[in-house]
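**Student:** Below is the structure I would like to discuss, written out as structure tokens.
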Amino acid sequence: MISRRNGILFIEEVSTVEIAEKYGTPVYVTSKEQLEKNIEAYKKAFPNAEKLYAVKANNNLSIMKIIALNKFGADVFSDGELYLALLSGFDRSRILFNGNSKSDREIEMGIQADVKFSVDSFDELKAIESIAERKEKKVEIAFRINPDIDPRTHPKIATGLKESKFGIPEDQALKAYEMAMRMKSVAPVGIHCHIGSQILDLSPFVSAMEKIGKIAKEIEKLGIQLDFIDLGGGLGIDYEGKGAPSAEDLAKALLPAYEELLSNLRAEPKLWLEPGRSIVGNTTVLLTRVNAVKRGYKNFVAVDAGFNLLIRPAMYGSYHRVLVANKEGEEEELYTIVGPICESGDVLARDRMLPKIEKGDLIAILDVGAYGFAMSSQYNGRVRCAEVLVSGKRTAVIRERETFGDLVAKHRIPEWI
Ligand code: LLP
């Protein structure tokens with residue numbers, strides 16, 4: 001997806017210098033080709049599985065549309081994500097409404113849209129039953145089970161440990177299915193779990209499959225026929241250039257465990273997956289302009305993007321590779337790349353050896369397609385930047401840069417002040 005031509009960084013056939021001039025900085029730039037490669041990799045690795053894209057990773061409509069056109073389903077985590085998934089063309093029969101704290105309004109919207117639910121609590125189950133009954137609908141559900149598995153990732157993105165807020169504890173799983181079976185407007189048809197994100201060691205996925213397999217067997221004994229087993233997302237990507245497992249590697253690890261699981265069941269539940277990061281993460285670069293270089297205790301490179309646009313380094317201490325996009329040269333100096341936000345934590349990259357940087361240079365921060373723009377804010381009165389899609393020589397804005405109008409669009413000033 002990226003290459004160097006005469007020292008300048010290109011995304012597909014387009015120079016990043018030209019993109020920055022044409023669309024301004026900061027700007028998120030996504031390669032359509034890379035996105036399609038990632039989608040293909042999943043299709044090839046899991047031809048028979050249902051692949052639900054985790055919308056939270058990147059909810060740009062054009063990006064979602066490309067994924068929907070490839071017949072992926074969608075994992076949505078809020079009413080807004082459900083709205084976006086329907087708008088970008090995901091087939092409602094392949095949408096799963098996830099979430100650990102759904103409001104009655106959200107439940108109502110999901111039922112109205114005829115999507116399936118992953119149910120995270122007994123209270124949610126009861127709410128779905130009563131709203132579905134009122135609407136005279138039958139809702140297909142899975143329970144999200146917390147399998148108490150350590151995904152060996154950053155603690156803030158581990159979701160399947162017993163101390164995590166997600167899912168129904170495994171020892172309450174049968175009770176949940178029994179309760180659902182007795183309900184009139186709910187049909188328990190699946191099991192769901194999601195153990196965490198940016199997982200590079202595949203063994204926790206296999207352990208999760210084994211645990212879910214045991215629970216599935218018990219559930220079958222209750223007389224429930226399972227249509228699907230959803231193992232969630234979580235496959236990590238190669239942020240550090242040290243390698244990461246591919247979708248194919250995941251399939252090699254997971255499919256034997258899935259076959260084993262099937263051999264113990266009467267029904268043949270389909271495998272569902274919910275990849276987010278591994279679909280969009282490496283598709284996108286954040287281009288940001290150097291406003292100042294300040295030499296002191298450290299060499300600070302102050303750029304025009306901060307944690308308002310990319311919060312991962314500040315929030316999780318995440319590592320993103322950084323390149324100087326407008327020129328090549330010997331790596332000469334140690335630089336710390338900082339944003340314009342009024343917080344000491346606004347550091348995008350620490351202590352990187354890079355070619356000599358000057359005001360006006362263009363910096364590229366790599367692998368920001370997942371949880372990048374999606375987690376942006378207007379903090380410090382900074383408008384969100386544009387997003388651009390590249391395909392071969394073509395470029396198009398897929399989200400316009402916000403304006404000051406967007407900063408105040410929803411503000412109201414009472415007449416009594
Ligand atoms: N399914 C469920 C139920 C999830 O909660 C998530 C992510 C996914 C699927 C997709 O996981 P993925 O394939 O993208 O790892 N903001 C954090 C990541 C939070 C992940 C939340 N859940 C980050 O920037 O690393």
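Ligands are numbered from 1 in the order shown, chains are lettered A, B, ... in the order of the structure tokens, and residues start at 1 in each chain.
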Using only C-alpha atoms and all ligand atoms, which residues have at least one atom no more than 7 Å from ligand 1? Output them as a PyMOL selection string.
**Tutor:** chain A and resi 54+57+75+98+157+194+196-198+232-236+274-278+312+370-371
**Student:** Those selected residues, please, written with N, CA, C and O atoms and delivered as a short mmCIF file (atom, residue, chain, number, x, y, z; two decimals), in the first residue's frame.
**Tutor:**
data_model
loop_
_atom_site.label_atom_id
_atom_site.label_comp_id
_atom_site.auth_asym_id
_atom_site.auth_seq_id
_atom_site.Cartn_x
_atom_site.Cartn_y
_atom_site.Cartn_z
N ALA A 54 -16.64 -5.37 12.81
CA ALA A 54 -16.89 -4.61 14.05
C ALA A 54 -16.85 -3.12 13.72
O ALA A 54 -15.78 -2.52 13.59
N ALA A 57 -14.55 -0.06 14.98
CA ALA A 57 -13.15 0.18 14.59
C ALA A 57 -13.04 1.37 13.63
O ALA A 57 -12.09 2.16 13.72
N ASP A 75 -21.09 -6.17 13.31
CA ASP A 75 -21.26 -6.16 14.76
C ASP A 75 -21.44 -4.71 15.15
O ASP A 75 -20.54 -3.90 14.91
N ASN A 98 -24.63 -5.91 19.60
CA ASN A 98 -23.86 -6.18 20.81
C ASN A 98 -24.02 -5.04 21.80
O ASN A 98 -24.52 -3.98 21.44
N ILE A 157 -7.93 -3.46 26.94
CA ILE A 157 -8.69 -4.06 25.83
C ILE A 157 -8.84 -5.58 25.99
O ILE A 157 -9.09 -6.30 25.04
N HIS A 194 -16.22 -12.63 23.20
CA HIS A 194 -15.18 -11.79 22.58
C HIS A 194 -14.16 -11.54 23.68
O HIS A 194 -14.48 -10.93 24.69
N GLY A 196 -11.02 -10.06 23.64
CA GLY A 196 -10.16 -8.89 23.72
C GLY A 196 -9.70 -8.47 22.34
O GLY A 196 -10.18 -9.00 21.34
N SER A 197 -8.78 -7.53 22.32
CA SER A 197 -8.37 -6.94 21.04
C SER A 197 -6.86 -6.90 20.95
O SER A 197 -6.16 -7.01 21.97
N GLN A 198 -6.35 -6.72 19.73
CA GLN A 198 -4.90 -6.70 19.47
C GLN A 198 -4.22 -7.93 20.10
O GLN A 198 -3.22 -7.85 20.81
N GLY A 232 -16.27 -13.65 18.24
CA GLY A 232 -15.85 -12.25 18.38
C GLY A 232 -14.69 -11.90 17.46
O GLY A 232 -14.37 -12.62 16.52
N GLY A 233 -14.06 -10.78 17.78
CA GLY A 233 -12.92 -10.31 16.98
C GLY A 233 -11.66 -10.43 17.79
O GLY A 233 -11.55 -11.29 18.65
N GLY A 234 -10.71 -9.55 17.52
CA GLY A 234 -9.55 -9.48 18.38
C GLY A 234 -8.20 -9.76 17.76
O GLY A 234 -7.17 -9.56 18.40
N LEU A 235 -8.20 -10.24 16.50
CA LEU A 235 -6.91 -10.56 15.89
C LEU A 235 -6.05 -9.30 15.80
O LEU A 235 -6.49 -8.27 15.29
N GLY A 236 -4.82 -9.40 16.29
CA GLY A 236 -3.93 -8.24 16.32
C GLY A 236 -3.30 -7.95 14.97
O GLY A 236 -3.33 -8.78 14.06
N GLU A 274 -15.95 -11.58 14.37
CA GLU A 274 -16.23 -10.13 14.36
C GLU A 274 -14.95 -9.31 14.26
O GLU A 274 -14.60 -8.57 15.18
N PRO A 275 -14.22 -9.43 13.16
CA PRO A 275 -12.97 -8.69 13.07
C PRO A 275 -13.20 -7.18 12.84
O PRO A 275 -14.08 -6.79 12.08
N GLY A 276 -12.42 -6.39 13.52
CA GLY A 276 -12.46 -4.94 13.31
C GLY A 276 -11.09 -4.48 12.86
O GLY A 276 -10.82 -4.21 11.69
N ARG A 277 -10.17 -4.45 13.82
CA ARG A 277 -8.82 -3.95 13.56
C ARG A 277 -8.14 -4.64 12.37
O ARG A 277 -7.50 -3.98 11.56
N SER A 278 -8.28 -5.97 12.29
CA SER A 278 -7.55 -6.69 11.24
C SER A 278 -8.17 -6.46 9.86
O SER A 278 -7.59 -6.84 8.85
N ARG A 312 -4.94 6.69 20.65
CA ARG A 312 -4.38 5.40 21.07
C ARG A 312 -3.06 5.52 21.83
O ARG A 312 -2.89 4.88 22.88
N ALA A 370 -7.91 1.63 12.41
CA ALA A 370 -8.82 1.10 13.43
C ALA A 370 -8.69 1.92 14.70
O ALA A 370 -7.58 2.15 15.20
N TYR A 371 -9.81 2.36 15.24
CA TYR A 371 -9.85 3.11 16.50
C TYR A 371 -9.01 4.39 16.41
O TYR A 371 -8.41 4.82 17.40
#
**Student:** Residues of segment 92-170 of chain A in strand (DSSP E or B) according to DSSP, as a ChimeraX atom specification?
**Tutor:** /A:95-97,116-119,139-146,158,168-169
**Student:** May I have the residues within 7 Å of segment 219-225 of chain A as a PyMOL selection string, using only C-alpha atoms and disregarding those fewer than 3 positions away in the same chain?
**Tutor:** chain A and resi 174+189+215-216+267
**Student:** Taking the backbone alone, and naming residues the way the document does, which bits of segment 145-387 of chain A are alpha helix (DSSP H) by DSSP, as a ChimeraX atom specification?
**Tutor:** /A:173-181,203-221,247-263,277-280,312-316
**Student:** Would you list the contacts of segment 34-41 of chain A as a ChimeraX atom specification, taking every protein, DNA or RNA residue within 7 Å and counting only C-alpha atoms, but skipping same-chain residues closer than 4 positions in sequence?
**Tutor:** /A:1,45,247,279-280,283
**Student:** Neighbours of segment 343-360 of chain A within 6 Å (only C-alpha atoms; same-chain residues fewer than 4 positions away dropped), as a ChimeraX atom specification?
**Tutor:** /A:290-292,307,313-314,329-339
**Student:** In Å to one decimal, how far is atom CA of Asp238 of chain A from atom CA of Tyr23 of chain A?
**Tutor:** 28.1 Å
**Student:** Could you work out how far atom CA of Gly190 of chain A lies from atom CA of Glu248 of chain A, giving the answer in Å with one decimal?
**Tutor:**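 A separation of 24.4 Å between them.
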**Student:** Using only C-alpha atoms, tabulate the residues of segment 338-373 of chain A lying at most 12 Å from any atom of segment 2-17 of chain A, each with its closest atom pair and that distance in Å to one decimal, by chain and increasing residue number, as a Markdown table.
**Tutor:**
| residue | atom | partner | partner_atom | distance |
| --- | --- | --- | --- | --- |
| A:Pro355 | CA | A:Gly7 | CA | 11.5 |
| A:Gly360 | CA | A:Val17 | CA | 11.1 |
| A:Asp361 | CA | A:Val17 | CA | 9.5 |
| A:Leu362 | CA | A:Val17 | CA | 7.5 |
| A:Ile363 | CA | A:Thr16 | CA | 9.6 |
| A:Ala364 | CA | A:Leu9 | CA | 8.6 |
| A:Ile365 | CA | A:Leu9 | CA | 11.7 |
| A:Leu366 | CA | A:Ile2 | CA | 9.8 |
| A:Asp367 | CA | A:Ile2 | CA | 11.2 |
**Student:** How would the residues just chosen look if you wrote them out with all heavy atoms as a PDB file, in the first residue's frame?
**Tutor:**
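Ended up saving to part29.pdb:
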ATOM      1  N   PRO A 355      14.938  10.936   9.950  1.00  0.00           N
ATOM      2  CA  PRO A 355      15.763  11.923   9.227  1.00  0.00           C
ATOM      3  C   PRO A 355      15.508  13.318   9.795  1.00  0.00           C
ATOM      4  O   PRO A 355      14.450  13.578  10.365  1.00  0.00           O
ATOM      5  CB  PRO A 355      15.233  11.835   7.791  1.00  0.00           C
ATOM      6  CG  PRO A 355      14.491  10.560   7.705  1.00  0.00           C
ATOM      7  CD  PRO A 355      14.016  10.224   9.082  1.00  0.00           C
ATOM      8  N   GLY A 360       7.350  22.488   8.570  1.00  0.00           N
ATOM      9  CA  GLY A 360       6.805  22.331   7.213  1.00  0.00           C
ATOM     10  C   GLY A 360       6.889  20.899   6.690  1.00  0.00           C
ATOM     11  O   GLY A 360       6.208  20.553   5.733  1.00  0.00           O
ATOM     12  N   ASP A 361       7.736  20.076   7.326  1.00  0.00           N
ATOM     13  CA  ASP A 361       7.808  18.681   6.874  1.00  0.00           C
ATOM     14  C   ASP A 361       6.480  17.968   7.143  1.00  0.00           C
ATOM     15  O   ASP A 361       5.654  18.417   7.954  1.00  0.00           O
ATOM     16  CB  ASP A 361       8.948  17.945   7.599  1.00  0.00           C
ATOM     17  CG  ASP A 361      10.308  18.247   6.978  1.00  0.00           C
ATOM     18  OD1 ASP A 361      10.352  18.716   5.821  1.00  0.00           O
ATOM     19  OD2 ASP A 361      11.333  18.030   7.662  1.00  0.00           O
ATOM     20  N   LEU A 362       6.325  16.849   6.444  1.00  0.00           N
ATOM     21  CA  LEU A 362       5.088  16.091   6.558  1.00  0.00           C
ATOM     22  C   LEU A 362       5.395  14.754   7.239  1.00  0.00           C
ATOM     23  O   LEU A 362       6.303  14.038   6.822  1.00  0.00           O
ATOM     24  CB  LEU A 362       4.546  15.849   5.142  1.00  0.00           C
ATOM     25  CG  LEU A 362       3.139  15.291   4.998  1.00  0.00           C
ATOM     26  CD1 LEU A 362       2.107  16.263   5.574  1.00  0.00           C
ATOM     27  CD2 LEU A 362       2.835  15.046   3.506  1.00  0.00           C
ATOM     28  N   ILE A 363       4.618  14.471   8.277  1.00  0.00           N
ATOM     29  CA  ILE A 363       4.832  13.232   9.035  1.00  0.00           C
ATOM     30  C   ILE A 363       3.673  12.280   8.756  1.00  0.00           C
ATOM     31  O   ILE A 363       2.510  12.723   8.684  1.00  0.00           O
ATOM     32  CB  ILE A 363       4.874  13.553  10.563  1.00  0.00           C
ATOM     33  CG1 ILE A 363       5.977  14.555  10.886  1.00  0.00           C
ATOM     34  CG2 ILE A 363       4.992  12.290  11.404  1.00  0.00           C
ATOM     35  CD1 ILE A 363       7.381  14.033  10.756  1.00  0.00           C
ATOM     36  N   ALA A 364       3.998  11.008   8.584  1.00  0.00           N
ATOM     37  CA  ALA A 364       2.951   9.992   8.399  1.00  0.00           C
ATOM     38  C   ALA A 364       2.939   9.070   9.614  1.00  0.00           C
ATOM     39  O   ALA A 364       3.983   8.533   9.995  1.00  0.00           O
ATOM     40  CB  ALA A 364       3.222   9.189   7.136  1.00  0.00           C
ATOM     41  N   ILE A 365       1.774   8.896  10.197  1.00  0.00           N
ATOM     42  CA  ILE A 365       1.624   7.949  11.311  1.00  0.00           C
ATOM     43  C   ILE A 365       0.854   6.754  10.754  1.00  0.00           C
ATOM     44  O   ILE A 365      -0.236   6.918  10.183  1.00  0.00           O
ATOM     45  CB  ILE A 365       0.882   8.610  12.489  1.00  0.00           C
ATOM     46  CG1 ILE A 365       1.659   9.871  12.898  1.00  0.00           C
ATOM     47  CG2 ILE A 365       0.759   7.652  13.663  1.00  0.00           C
ATOM     48  CD1 ILE A 365       0.965  10.721  13.906  1.00  0.00           C
ATOM     49  N   LEU A 366       1.454   5.593  10.875  1.00  0.00           N
ATOM     50  CA  LEU A 366       0.915   4.426  10.170  1.00  0.00           C
ATOM     51  C   LEU A 366      -0.094   3.628  11.011  1.00  0.00           C
ATOM     52  O   LEU A 366      -0.136   3.749  12.232  1.00  0.00           O
ATOM     53  CB  LEU A 366       2.060   3.496   9.763  1.00  0.00           C
ATOM     54  CG  LEU A 366       3.205   4.082   8.936  1.00  0.00           C
ATOM     55  CD1 LEU A 366       4.091   2.967   8.394  1.00  0.00           C
ATOM     56  CD2 LEU A 366       2.714   4.959   7.799  1.00  0.00           C
ATOM     57  N   ASP A 367      -0.877   2.831  10.284  1.00  0.00           N
ATOM     58  CA  ASP A 367      -1.787   1.844  10.902  1.00  0.00           C
ATOM     59  C   ASP A 367      -2.811   2.489  11.836  1.00  0.00           C
ATOM     60  O   ASP A 367      -3.015   2.041  12.965  1.00  0.00           O
ATOM     61  CB  ASP A 367      -0.970   0.794  11.689  1.00  0.00           C
ATOM     62  CG  ASP A 367       0.081   0.113  10.814  1.00  0.00           C
ATOM     63  OD1 ASP A 367      -0.233  -0.214   9.664  1.00  0.00           O
ATOM     64  OD2 ASP A 367       1.222  -0.070  11.294  1.00  0.00           O
TER      65      ASP A 367
END
